[in-house]
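So this one's upload.cif, mmCIF, C-alpha atoms:
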```cif
data_entry
#
loop_
_atom_site.label_atom_id
_atom_site.label_comp_id
_atom_site.auth_asym_id
_atom_site.auth_seq_id
_atom_site.Cartn_x
_atom_site.Cartn_y
_atom_site.Cartn_z
CA MET L 110 -15.48 -15.35 -81.83
CA ARG L 111 -16.46 -16.82 -78.49
CA ARG L 112 -12.96 -18.26 -78.09
CA THR L 113 -11.44 -14.89 -79.04
CA ASP L 114 -13.68 -13.04 -76.58
CA LYS L 115 -12.68 -15.52 -73.88
CA ILE L 116 -9.02 -14.74 -74.47
CA ILE L 117 -9.52 -10.98 -74.72
CA TYR L 118 -11.75 -10.60 -71.66
CA THR L 119 -10.25 -13.13 -69.20
CA ASP L 120 -8.00 -11.96 -66.39
CA VAL L 121 -4.80 -13.99 -66.06
CA VAL L 122 -4.63 -13.65 -62.25
CA THR L 123 -8.19 -14.47 -61.17
CA GLY L 124 -9.45 -16.34 -64.23
CA GLY L 125 -12.54 -14.12 -64.22
CA ASP L 126 -13.54 -11.00 -66.13
CA ASN L 127 -10.64 -8.60 -66.73
CA TRP L 128 -10.51 -4.82 -66.63
CA LEU L 129 -11.25 -4.43 -70.33
CA TYR L 130 -14.50 -6.35 -69.88
CA PHE L 131 -15.34 -4.36 -66.75
CA VAL L 132 -15.04 -1.06 -68.62
CA LYS L 133 -17.10 -2.42 -71.52
CA LYS L 134 -19.88 -3.83 -69.34
CA GLY L 135 -19.87 -0.87 -66.96
CA THR L 136 -20.24 1.58 -69.84
CA SER L 137 -23.09 -0.47 -71.26
CA LEU L 138 -24.93 -0.61 -67.91
CA LEU L 139 -24.66 3.15 -67.41
CA LYS L 140 -25.80 3.91 -70.96
CA LYS L 141 -28.82 1.62 -70.61
CA ASN L 142 -29.77 3.23 -67.31
CA ARG L 143 -32.11 5.67 -69.05
CA GLY L 144 -33.88 8.09 -66.78
CA ASN L 145 -31.54 6.97 -64.01
CA ARG L 146 -33.92 4.30 -62.88
CA ARG L 147 -31.12 2.81 -60.82
CA LYS L 148 -28.56 4.58 -58.66
CA TYR L 149 -25.08 3.25 -59.36
CA ALA L 150 -21.88 3.56 -57.34
CA MET L 151 -18.33 2.86 -58.44
CA ILE L 152 -16.22 1.13 -55.79
CA HIS L 153 -12.45 0.94 -55.49
CA LEU L 154 -11.67 -1.96 -53.16
CA ARG L 155 -8.14 -2.34 -51.83
CA MET L 156 -6.64 -4.90 -49.48
CA HIS L 157 -4.14 -3.37 -47.06
CA LYS L 158 -0.66 -4.91 -46.77
CA TYR L 159 -1.04 -7.38 -49.63
CA ARG L 160 2.72 -7.33 -50.19
CA SER L 161 3.27 -8.34 -46.57
CA PHE L 162 0.94 -11.29 -47.14
CA CYS L 163 2.98 -12.33 -50.20
CA THR L 164 6.21 -11.97 -48.22
CA CYS L 165 4.87 -14.27 -45.51
CA PHE L 166 3.11 -16.89 -47.65
CA GLY L 167 4.53 -16.48 -51.16
CA VAL L 168 3.46 -14.79 -54.39
CA GLN L 169 1.53 -17.84 -55.60
CA GLU L 170 -0.50 -17.92 -52.38
CA GLY L 171 -1.14 -14.22 -52.86
CA GLU L 172 -2.50 -14.71 -56.36
CA GLU L 173 -4.65 -17.60 -55.18
CA LEU L 174 -6.04 -15.31 -52.48
CA LEU L 175 -6.97 -12.72 -55.13
CA GLU L 176 -8.74 -15.45 -57.11
CA LYS L 177 -10.72 -16.47 -54.03
CA PHE L 178 -11.59 -12.81 -53.41
CA TYR L 179 -12.84 -12.46 -56.98
CA TYR L 180 -15.22 -15.43 -56.88
CA ALA L 181 -16.42 -14.62 -53.35
CA LEU L 182 -17.36 -11.11 -54.51
CA LYS L 183 -18.80 -12.34 -57.80
CA LYS L 184 -21.37 -14.42 -55.93
CA LYS L 185 -22.65 -11.26 -54.24
CA LEU L 186 -23.35 -9.42 -57.53
CA ASN L 187 -26.20 -9.76 -60.00
CA HIS L 188 -26.28 -9.43 -63.79
CA LYS L 189 -27.01 -5.68 -63.60
CA GLU L 190 -23.70 -5.09 -61.80
CA ALA L 191 -20.05 -5.54 -62.74
CA MET L 192 -16.67 -6.21 -61.16
CA ALA L 193 -13.10 -7.05 -62.10
CA TYR L 194 -9.62 -7.35 -60.68
CA HIS L 195 -7.60 -4.21 -61.41
CA GLU L 196 -4.00 -4.55 -60.16
CA ASN L 197 -2.00 -5.35 -57.02
CA ALA L 198 -4.76 -6.17 -54.52
CA GLU L 199 -7.41 -3.87 -55.98
CA PHE L 200 -10.82 -4.54 -57.47
CA GLY L 201 -13.35 -2.35 -59.21
CA LEU L 202 -17.07 -2.84 -58.61
CA LEU L 203 -20.07 -1.13 -60.16
CA LEU L 204 -23.03 -1.66 -57.83
CA TYR L 205 -26.54 -0.27 -57.75
CA TYR L 206 -28.15 0.89 -54.53
CA THR L 207 -31.23 2.57 -53.07
CA ASP L 208 -29.68 5.06 -50.65
CA LYS L 209 -26.30 5.86 -49.08
CA GLU L 210 -27.02 4.01 -45.84
CA GLN L 211 -28.04 0.84 -47.69
CA LEU L 212 -24.88 1.09 -49.82
CA ALA L 213 -22.69 1.36 -46.71
CA VAL L 214 -24.40 -1.71 -45.22
CA ARG L 215 -23.81 -3.67 -48.42
CA ILE L 216 -20.13 -2.68 -48.52
CA ASP L 217 -19.79 -3.89 -44.91
CA GLU L 218 -21.29 -7.19 -46.00
CA LEU L 219 -18.75 -7.45 -48.82
CA ARG L 220 -15.95 -6.79 -46.34
CA GLU L 221 -17.24 -9.58 -44.09
CA THR L 222 -17.38 -11.86 -47.13
CA LEU L 223 -13.73 -11.15 -47.91
CA ASN L 224 -12.71 -11.71 -44.29
CA GLY L 225 -14.40 -15.10 -44.47
CA VAL L 226 -12.16 -16.25 -47.32
CA LEU L 227 -9.36 -17.17 -44.89
CA PRO L 228 -11.04 -17.96 -41.54
CA GLY L 229 -8.84 -17.12 -38.57
CA MET L 230 -6.82 -14.46 -40.42
CA LYS L 231 -7.88 -10.85 -39.93
CA MET L 232 -7.53 -8.76 -43.08
CA TYR L 233 -8.18 -5.07 -43.66
CA PHE L 234 -9.72 -3.31 -46.63
CA CYS L 235 -10.60 0.19 -47.71
CA PHE L 236 -13.49 1.09 -49.99
CA GLY L 237 -13.47 4.27 -52.02
CA VAL L 238 -16.97 5.10 -53.27
CA CYS L 239 -18.01 7.38 -56.10
CA GLN L 240 -21.76 7.78 -56.49
CA VAL L 241 -22.58 8.00 -60.19
CA GLU L 242 -24.36 11.22 -61.10
CA PRO L 243 -26.95 11.37 -63.92
CA GLY L 244 -25.26 11.44 -67.30
CA GLN L 245 -21.90 10.09 -66.10
CA LYS L 246 -20.73 7.17 -68.27
CA ASP L 247 -16.92 7.35 -68.13
CA VAL L 248 -16.08 4.21 -66.16
CA GLU L 249 -12.35 4.96 -65.93
CA GLN L 250 -12.97 8.45 -64.56
CA LEU L 251 -15.50 7.18 -62.05
CA TYR L 252 -13.06 4.54 -60.89
CA ASN L 253 -10.31 7.14 -60.60
CA ASN L 254 -12.62 9.22 -58.39
CA SER L 255 -13.25 6.27 -56.10
CA LEU L 256 -9.49 5.61 -55.97
CA ILE L 257 -8.89 9.25 -54.94
CA ALA L 258 -11.36 8.81 -52.06
CA CYS L 259 -9.36 5.80 -50.85
CA GLU L 260 -6.02 7.58 -51.17
CA ILE L 261 -7.11 10.68 -49.26
CA MET L 262 -8.50 8.50 -46.50
CA GLY L 263 -5.04 6.93 -46.09
CA GLU L 264 -4.03 3.46 -45.01
CA ASP L 265 -4.31 2.27 -41.44
CA THR L 266 -5.20 -0.90 -39.59
CA GLU L 267 -8.97 -0.40 -39.75
CA SER L 268 -11.34 -1.15 -42.59
CA LYS L 269 -12.95 2.07 -43.82
CA ILE L 270 -15.35 3.50 -46.37
CA ALA L 271 -14.74 6.90 -47.99
CA PHE L 272 -17.20 8.66 -50.28
CA PHE L 273 -15.78 10.80 -53.06
CA ASP L 274 -16.71 14.47 -53.33
CA GLU L 275 -15.45 17.36 -55.44
CA GLU L 276 -13.33 18.68 -52.58
CA MET L 277 -11.25 15.53 -52.84
CA ASN L 278 -10.74 16.16 -56.53
CA LYS L 279 -9.71 19.75 -55.80
CA GLN L 280 -7.23 18.45 -53.22
CA LYS L 281 -5.68 16.10 -55.78
CA LEU L 282 -5.48 18.88 -58.36
CA TRP L 283 -3.79 21.09 -55.77
CA GLU L 284 -1.27 18.35 -54.95
CA ARG L 285 -0.53 18.00 -58.65
CA LYS L 286 -0.05 21.75 -59.00
CA VAL L 287 2.29 21.89 -56.00
CA GLU L 288 4.40 19.00 -57.28
CA ASP L 289 4.59 20.54 -60.75
CA GLU L 290 5.82 23.87 -59.38
CA MET L 291 7.93 23.01 -56.33
CA ASP L 292 11.31 22.75 -58.10
CA ARG L 293 10.75 26.00 -59.96
CA ALA L 294 9.65 27.70 -56.75
CA LEU L 295 12.81 26.57 -54.97
CA ALA L 296 15.05 27.74 -57.82
CA ASN L 297 13.27 31.13 -57.87
CA LYS L 298 13.46 31.54 -54.07
CA GLU L 299 9.69 31.76 -53.72
CA PHE L 300 10.05 30.05 -50.34
CA LYS L 301 10.70 32.83 -47.86
CA VAL L 302 12.15 32.67 -44.37
CA TYR L 303 9.87 34.19 -41.73
CA LEU L 304 11.22 34.65 -38.20
CA GLN L 305 9.18 34.34 -35.01
CA PRO L 306 10.98 35.91 -32.03
CA LYS L 307 11.75 34.01 -28.84
CA ILE L 308 11.64 36.38 -25.89
CA SER L 309 13.65 36.00 -22.70
CA ALA L 310 11.21 35.41 -19.85
CA VAL L 311 13.37 37.31 -17.35
CA GLU L 312 14.29 40.39 -19.40
CA GLU L 313 11.45 40.27 -21.93
CA ARG L 314 13.84 41.06 -24.77
CA LEU L 315 14.83 39.21 -27.93
CA ALA L 316 16.87 36.08 -27.14
CA GLY L 317 16.29 33.90 -30.20
CA ALA L 318 14.01 33.18 -33.15
CA GLU L 319 12.52 30.32 -35.09
CA ALA L 320 12.80 30.17 -38.89
CA LEU L 321 9.50 29.26 -40.54
CA VAL L 322 8.92 28.77 -44.25
CA ARG L 323 6.26 30.62 -46.25
CA TRP L 324 5.57 30.24 -49.96
CA ILE L 325 5.01 33.52 -51.81
CA HIS L 326 3.66 32.36 -55.16
CA PRO L 327 3.95 34.76 -58.15
CA THR L 328 0.24 34.42 -59.02
CA ASP L 329 -1.41 32.74 -56.00
CA GLY L 330 0.30 34.99 -53.46
CA PHE L 331 0.79 33.82 -49.87
CA ILE L 332 0.42 30.04 -49.45
CA PRO L 333 0.33 28.86 -45.80
CA PRO L 334 2.60 25.95 -44.80
CA ASN L 335 -0.23 23.50 -44.11
CA LYS L 336 -1.09 23.69 -47.83
CA PHE L 337 2.28 22.40 -49.01
CA ILE L 338 4.41 20.98 -46.18
CA PRO L 339 2.37 17.71 -45.86
CA ILE L 340 2.71 17.20 -49.63
CA PHE L 341 6.48 17.72 -49.43
CA GLU L 342 6.72 15.28 -46.53
CA ASN L 343 4.94 12.64 -48.59
CA ASN L 344 6.93 13.07 -51.79
CA GLY L 345 10.38 13.63 -50.24
CA PHE L 346 10.83 17.23 -51.41
CA ILE L 347 10.97 18.24 -47.75
CA LEU L 348 14.65 17.20 -47.78
CA LYS L 349 15.48 19.87 -50.35
CA LEU L 350 13.42 22.44 -48.46
CA ASP L 351 15.24 21.63 -45.20
CA ASP L 352 18.60 22.23 -46.89
CA TYR L 353 17.31 25.46 -48.41
CA MET L 354 16.10 26.80 -45.05
CA ILE L 355 19.36 25.93 -43.26
CA GLU L 356 21.34 27.67 -45.99
CA GLU L 357 19.13 30.78 -45.98
CA VAL L 358 19.44 31.09 -42.21
CA ALA L 359 23.22 30.62 -42.38
CA ARG L 360 23.44 33.25 -45.11
CA GLN L 361 21.36 35.72 -43.07
CA GLN L 362 23.39 35.17 -39.91
CA ALA L 363 26.61 35.70 -41.88
CA GLN L 364 25.25 38.98 -43.27
CA TRP L 365 24.29 40.24 -39.81
CA ILE L 366 27.72 39.32 -38.44
CA THR L 367 29.36 41.28 -41.28
CA GLU L 368 27.11 44.26 -40.54
CA GLY L 369 27.99 44.11 -36.86
CA ARG L 370 24.44 43.44 -35.70
CA ARG L 371 23.55 41.58 -32.51
CA ILE L 372 23.17 37.88 -33.21
CA VAL L 373 20.74 35.52 -31.48
CA PRO L 374 20.36 31.78 -32.15
CA ILE L 375 17.87 30.94 -34.90
CA SER L 376 16.27 27.51 -34.85
CA VAL L 377 15.53 25.61 -38.06
CA ASN L 378 13.23 22.62 -38.33
CA VAL L 379 14.85 19.44 -39.65
CA SER L 380 12.25 16.96 -40.88
CA ARG L 381 11.88 13.44 -39.59
CA ALA L 382 12.88 12.07 -42.99
CA HIS L 383 16.29 13.76 -42.77
CA PHE L 384 17.22 11.93 -39.57
CA THR L 385 17.42 8.60 -41.41
CA ARG L 386 20.54 9.91 -43.14
CA GLU L 387 23.68 8.65 -41.42
CA ASP L 388 25.86 11.55 -42.62
CA LEU L 389 23.31 14.25 -41.75
CA ALA L 390 25.61 16.01 -39.28
CA GLU L 391 28.39 16.28 -41.85
CA HIS L 392 25.90 17.35 -44.50
CA ILE L 393 24.58 20.22 -42.34
CA CYS L 394 28.14 21.28 -41.50
CA SER L 395 28.95 21.50 -45.22
CA ILE L 396 26.00 23.86 -45.76
CA VAL L 397 26.67 26.14 -42.78
CA ASP L 398 30.45 26.25 -43.14
CA LYS L 399 30.18 27.85 -46.58
CA TYR L 400 29.19 31.04 -44.75
CA LYS L 401 31.71 30.73 -41.89
CA VAL L 402 28.94 31.07 -39.30
CA PRO L 403 29.51 29.86 -35.72
CA HIS L 404 27.53 26.65 -35.25
CA ASN L 405 26.09 27.76 -31.92
CA VAL L 406 23.89 30.42 -33.57
CA ILE L 407 21.98 27.83 -35.62
CA GLU L 408 19.75 25.58 -33.55
CA LEU L 409 18.38 22.41 -35.14
CA GLU L 410 14.85 21.36 -34.20
CA LEU L 411 13.56 17.82 -34.43
CA THR L 412 10.16 16.44 -33.47
CA GLU L 413 9.88 13.45 -31.20
CA SER L 414 8.23 11.53 -34.07
CA ALA L 415 11.77 11.11 -35.47
CA PHE L 416 12.33 8.78 -32.51
CA PHE L 417 10.07 6.17 -34.14
CA ASP L 418 12.36 5.65 -37.14
CA ASP L 419 15.95 4.36 -36.91
CA LYS L 420 16.65 5.18 -33.28
CA GLU L 421 20.35 4.32 -33.40
CA VAL L 422 20.96 6.60 -36.38
CA LEU L 423 19.00 9.38 -34.67
CA LEU L 424 20.95 9.13 -31.42
CA SER L 425 24.26 9.04 -33.28
CA THR L 426 23.31 12.03 -35.46
CA VAL L 427 22.17 14.16 -32.52
CA LYS L 428 25.41 13.40 -30.68
CA LYS L 429 27.49 14.38 -33.72
CA LEU L 430 25.52 17.61 -34.23
CA ARG L 431 26.09 18.59 -30.60
CA ASP L 432 29.79 17.66 -30.89
CA TYR L 433 30.00 20.00 -33.89
CA GLY L 434 28.58 22.77 -31.72
CA PHE L 435 24.96 22.91 -32.97
CA PRO L 436 22.33 23.25 -30.22
CA VAL L 437 19.62 20.61 -30.70
CA SER L 438 16.03 21.08 -29.59
CA MET L 439 12.95 18.88 -29.42
CA ASP L 440 9.89 20.57 -30.87
CA ASP L 441 6.26 19.91 -29.84
CA PHE L 442 7.20 18.14 -26.61
CA GLY L 443 4.10 16.42 -25.26
CA ALA L 444 2.33 16.15 -28.62
CA GLY L 445 3.26 12.46 -28.94
CA TYR L 446 3.14 9.41 -26.71
CA SER L 447 6.77 8.65 -25.89
CA SER L 448 8.10 12.00 -24.74
CA LEU L 449 9.58 10.87 -21.43
CA ASN L 450 11.16 7.81 -23.01
CA SER L 451 12.75 9.91 -25.75
CA LEU L 452 14.09 12.37 -23.16
CA LYS L 453 15.71 9.48 -21.34
CA GLU L 454 17.82 8.53 -24.37
CA LEU L 455 18.19 11.76 -26.36
CA GLN L 456 20.80 14.26 -25.25
CA ILE L 457 19.32 17.60 -26.30
CA ASP L 458 19.87 21.23 -25.34
CA VAL L 459 16.42 22.80 -25.65
CA LEU L 460 12.91 21.52 -24.94
CA LYS L 461 9.93 23.23 -26.60
CA ILE L 462 6.67 22.71 -24.75
CA ASP L 463 3.81 22.07 -27.17
CA ALA L 464 1.27 24.88 -27.52
CA ASP L 465 -1.65 22.53 -26.80
CA PHE L 466 -0.73 22.56 -23.10
CA PHE L 467 -1.91 26.19 -23.05
CA ARG L 468 -5.22 25.61 -24.85
CA GLY L 469 -8.53 23.89 -24.24
CA GLU L 470 -10.40 22.98 -21.08
CA ASN L 471 -8.74 22.55 -17.68
CA VAL L 472 -5.74 24.60 -18.85
CA GLU L 473 -5.40 26.52 -15.61
CA GLU L 474 -5.39 23.43 -13.43
CA ARG L 475 -4.11 20.28 -15.11
CA GLY L 476 -2.30 21.92 -18.03
CA MET L 477 -0.33 24.35 -15.91
CA LEU L 478 0.54 21.63 -13.41
CA ILE L 479 2.05 19.52 -16.19
CA VAL L 480 3.92 22.52 -17.64
CA SER L 481 5.35 23.30 -14.20
CA GLU L 482 6.59 19.73 -13.77
CA VAL L 483 8.06 19.62 -17.30
CA ILE L 484 10.00 22.83 -16.67
CA ASP L 485 11.32 21.44 -13.39
CA LEU L 486 12.33 18.18 -15.09
CA ALA L 487 14.09 20.01 -17.94
CA LYS L 488 16.05 22.14 -15.48
CA LYS L 489 17.28 19.00 -13.74
CA LEU L 490 18.40 17.65 -17.13
CA ASN L 491 20.26 20.91 -17.89
CA MET L 492 17.96 21.87 -20.76
CA LYS L 493 16.61 25.26 -21.70
CA ILE L 494 12.84 25.56 -21.95
CA VAL L 495 10.88 27.30 -24.71
CA ALA L 496 7.11 27.68 -24.32
CA GLU L 497 5.40 28.17 -27.68
CA GLY L 498 1.90 29.28 -28.56
CA ILE L 499 1.71 31.85 -25.75
CA GLU L 500 -1.10 34.35 -26.30
CA SER L 501 -1.86 36.09 -22.98
CA ARG L 502 -0.19 38.09 -20.23
CA GLU L 503 -1.42 35.58 -17.65
CA GLN L 504 0.45 32.79 -19.41
CA VAL L 505 3.60 34.91 -19.59
CA ASP L 506 3.44 35.72 -15.87
CA PHE L 507 2.96 32.05 -15.02
CA LEU L 508 5.97 31.04 -17.13
CA ILE L 509 8.15 33.73 -15.55
CA GLU L 510 7.14 32.43 -12.14
CA GLN L 511 8.11 28.89 -13.21
CA GLU L 512 11.51 30.14 -14.47
CA CYS L 513 10.86 29.27 -18.11
CA ASP L 514 13.76 30.46 -20.28
CA LEU L 515 12.16 31.62 -23.53
CA ILE L 516 8.63 32.47 -24.64
CA GLN L 517 7.37 32.26 -28.21
CA GLY L 518 3.89 33.17 -29.36
CA TYR L 519 1.46 35.79 -30.64
CA PHE L 520 1.49 37.66 -27.34
CA PHE L 521 4.93 39.02 -28.25
CA ALA L 522 5.02 38.61 -32.04
CA LYS L 523 3.75 36.60 -35.00
CA PRO L 524 6.16 35.12 -37.56
CA MET L 525 7.37 38.00 -39.76
CA PRO L 526 9.45 38.57 -42.91
CA ILE L 527 13.12 39.25 -42.30
CA PRO L 528 12.92 42.98 -43.23
CA GLU L 529 10.20 43.45 -40.59
CA PHE L 530 12.25 41.49 -38.06
CA ILE L 531 15.25 43.76 -38.73
CA GLU L 532 13.08 46.88 -38.39
CA LYS L 533 11.69 45.73 -35.06
CA TYR L 534 14.72 44.15 -33.40
CA HIS L 535 17.86 45.36 -35.22
CA LYS L 536 17.43 49.12 -35.27
#
```
Whole structure, structure tokens version:
Amino acid sequence: MRRTDKIIYTDVVTGGDNWLYFVKKGTSLLKKNRGNRRKYAMIHLRMHKYRSFCTCFGVQEGEELLEKFYYALKKKLNHKEAMAYHENAEFGLLLYYTDKEQLAVRIDELRETLNGVLPGMKMYFCFGVCQVEPGQKDVEQLYNNSLIACEIMGEDTESKIAFFDEEMNKQKLWERKVEDEMDRALANKEFKVYLQPKISAVEERLAGAEALVRWIHPTDGFIPPNKFIPIFENNGFILKLDDYMIEEVARQQAQWITEGRRIVPISVNVSRAHFTREDLAEHICSIVDKYKVPHNVIELELTESAFFDDKEVLLSTVKKLRDYGFPVSMDDFGAGYSSLNSLKELQIDVLKIDADFFRGENVEERGMLIVSEVIDLAKKLNMKIVAEGIESREQVDFLIEQECDLIQGYFFAKPMPIPEFIEKYHK
């Protein structure tokens, strides 16, 4: 029986206790903790960029590193605690503690222990922590909670500790709901195009609009973009939504042309992920040309973050789009760190000044000085300027004085459904 237990409960990677044993021992420890004499915490420990390590030094070296991690951690635990290797470069630990501050200190000590395994090589870890509440005995669920804390924190170059709370669980449930319903929502046209007018600074009349997506859910009602766009960007669904928005705008422009209404350019956001596609220009043409709409009435917006991906593909795509007659604009100019460098290489038609320049402290002095210089620079590069996020008459007057081309913001109008846009501007 001892030999059988050894086989059943030994991990093949580290040679120590495996996950099956961890669940068994963890459950036993929590059940025996009558009256909650000890406070327990479940820890999800993950090494960042383990695959990169294996690429550099080999898979065998990677597995040997995990074995060293296991035994280094094991020495820091006592018989009333448990740990095991889970998968990839992840470990589960069930530790007891006195208070949250002491637990954080202990986790920092464990991180230092792991960094001491390979002296001279800096490694990064994240720790997701789920504090065990009285009566909780489901080890797998507790570990899943600690994993959620780590996932929501995200991966970066710094070691971090994240404590699980119910809001994190609600966030994960919401993400699951969105992913379950997104294809149905697209098929049922629950994603609606809202238009925010762009007003000519000189004439103060409609000169353009930006298409913004809103989700009108059949039971949940209006869902704001910040509740679903980040999820779509992470799971790739944003590509389908981009195509949908371009097609809806093309369809609407075609309808207005047929009805003899006055047409102004409508800008559509194209996500960063789309600009890695080498045939993007041809792909967009195929969508728009179904409706026989002039290309110059559909403006394509990109953010300067797209510049950090495949730069050559981006530059080639922007050139092709402009050759096909689509105006190209850069959204949120000034929100990143390489704006001037991207302007040097990207040939674009419209520059949108980020709304943050018009908010916060020192707006009147430093912010307006920068805006003035940006407008002057754009004019010299033969670009139109759009100022977004404008909320006051004083800001409008300043922009008129600086010869800004278009103004977008709540001072003139919020984003609105197409029927309201028609009522207000297409009478």
Query - Chain and number of each residue from the PyMOL selection byres ((chain L and resi 148-164) around 6), as a list in words - result: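 That selection, the PyMOL selection byres ((chain L and resi 148-164) around 6), comes back as Arg147, Cys165, Phe166, Gly167, Val168, Gly171, Ala198, Glu199, Phe200, Gly201, Leu202, Leu203, Leu204, Tyr205, Tyr206, Tyr233, Phe234, Cys235, Phe236, Gly237, Val238, Cys239, Gln240, Val241, Ser255 and Leu256 of chain L.
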Query raised in the report: For this file, the PyMOL selection byres ((chain L and resi 323) around 12) selects which residues, as a VMD selection string?
Result: chain L and resid 294 to 295 298 to 304 320 to 322 324 to 326 330 to 338 350 354 524 to 527
Please produce, as CSV, a per-residue contact table for stretch 141-203 of chain L versus stretch 110-127 of chain L (criterion: any atom at most 12 Å away, only C-alpha atoms considered), showing the nearest atom pair and its distance in Å to one decimal, sorted by chain then residue number.
```
residue,atom,partner,partner_atom,distance
L:Val168,CA,L:Val122,CA,11.3
L:Gln169,CA,L:Val122,CA,10.0
L:Glu170,CA,L:Val122,CA,11.5
L:Gly171,CA,L:Val122,CA,10.0
L:Glu172,CA,L:Val122,CA,6.4
L:Glu173,CA,L:Thr123,CA,7.6
L:Leu174,CA,L:Thr123,CA,9.0
L:Leu175,CA,L:Thr123,CA,6.4
L:Glu176,CA,L:Thr123,CA,4.2
L:Lys177,CA,L:Thr123,CA,7.8
L:Phe178,CA,L:Thr123,CA,8.6
L:Tyr179,CA,L:Thr123,CA,6.6
L:Tyr180,CA,L:Gly125,CA,7.9
L:Ala181,CA,L:Thr123,CA,11.4
L:Leu182,CA,L:Gly125,CA,11.3
L:Lys183,CA,L:Gly125,CA,9.1
L:Ala191,CA,L:Asp126,CA,9.1
L:Met192,CA,L:Asp126,CA,7.6
L:Ala193,CA,L:Asn127,CA,5.5
L:Tyr194,CA,L:Asn127,CA,6.3
L:His195,CA,L:Asn127,CA,7.5
L:Glu196,CA,L:Val122,CA,9.4
L:Asn197,CA,L:Val122,CA,10.2
L:Ala198,CA,L:Val122,CA,10.8
L:Glu199,CA,L:Thr123,CA,11.8
L:Phe200,CA,L:Asn127,CA,10.1
L:Gly201,CA,L:Asn127,CA,10.1
L:Leu202,CA,L:Asp126,CA,11.6
```
**Report entry** Between atom CA of L:Leu129 and atom CA of L:Lys189 - distance in Å to one decimal
**Finding:** 17.2 Å
Requested in this report: Specify as a PyMOL selection string each residue included when the PyMOL selection byres ((chain L and resi 243) around 9) is applied to this file.
Outcome: chain L and resi 144-145+148+241-242+244-246
Can you take the partial stretch 243-247 of chain L, add all heavy atoms, and return it as an mmCIF file, in the frame of the given file?
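Just written: result38.cif:
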```
data_model
loop_
_atom_site.group_PDB
_atom_site.id
_atom_site.type_symbol
_atom_site.label_atom_id
_atom_site.label_comp_id
_atom_site.auth_asym_id
_atom_site.auth_seq_id
_atom_site.Cartn_x
_atom_site.Cartn_y
_atom_site.Cartn_z
ATOM 1 N N PRO L 243 -26.261 11.509 -62.627
ATOM 2 C CA PRO L 243 -26.950 11.370 -63.920
ATOM 3 C C PRO L 243 -26.088 11.858 -65.079
ATOM 4 O O PRO L 243 -25.491 12.933 -65.014
ATOM 5 C CB PRO L 243 -28.199 12.245 -63.754
ATOM 6 C CG PRO L 243 -28.444 12.270 -62.273
ATOM 7 C CD PRO L 243 -27.099 12.220 -61.632
ATOM 8 N N GLY L 244 -26.018 11.054 -66.111
ATOM 9 C CA GLY L 244 -25.260 11.440 -67.300
ATOM 10 C C GLY L 244 -23.822 10.977 -67.308
ATOM 11 O O GLY L 244 -23.149 11.024 -68.348
ATOM 12 N N GLN L 245 -23.284 10.552 -66.154
ATOM 13 C CA GLN L 245 -21.900 10.090 -66.100
ATOM 14 C C GLN L 245 -21.790 8.671 -66.668
ATOM 15 O O GLN L 245 -22.497 7.768 -66.220
ATOM 16 C CB GLN L 245 -21.373 10.125 -64.669
ATOM 17 C CG GLN L 245 -21.160 11.529 -64.114
ATOM 18 C CD GLN L 245 -20.566 11.503 -62.718
ATOM 19 O OE1 GLN L 245 -21.014 10.761 -61.855
ATOM 20 N NE2 GLN L 245 -19.563 12.339 -62.484
ATOM 21 N N LYS L 246 -20.892 8.483 -67.639
ATOM 22 C CA LYS L 246 -20.730 7.170 -68.270
ATOM 23 C C LYS L 246 -19.267 6.762 -68.392
ATOM 24 O O LYS L 246 -18.974 5.670 -68.875
ATOM 25 C CB LYS L 246 -21.369 7.165 -69.667
ATOM 26 C CG LYS L 246 -22.851 7.480 -69.676
ATOM 27 C CD LYS L 246 -23.401 7.460 -71.083
ATOM 28 C CE LYS L 246 -24.893 7.776 -71.126
ATOM 29 N NZ LYS L 246 -25.203 9.151 -70.685
ATOM 30 N N ASP L 247 -18.348 7.638 -67.995
ATOM 31 C CA ASP L 247 -16.920 7.350 -68.130
ATOM 32 C C ASP L 247 -16.473 6.469 -66.958
ATOM 33 O O ASP L 247 -16.193 6.949 -65.854
ATOM 34 C CB ASP L 247 -16.123 8.654 -68.153
ATOM 35 C CG ASP L 247 -14.658 8.442 -68.500
ATOM 36 O OD1 ASP L 247 -14.151 7.326 -68.290
ATOM 37 O OD2 ASP L 247 -14.025 9.396 -68.986
#
```
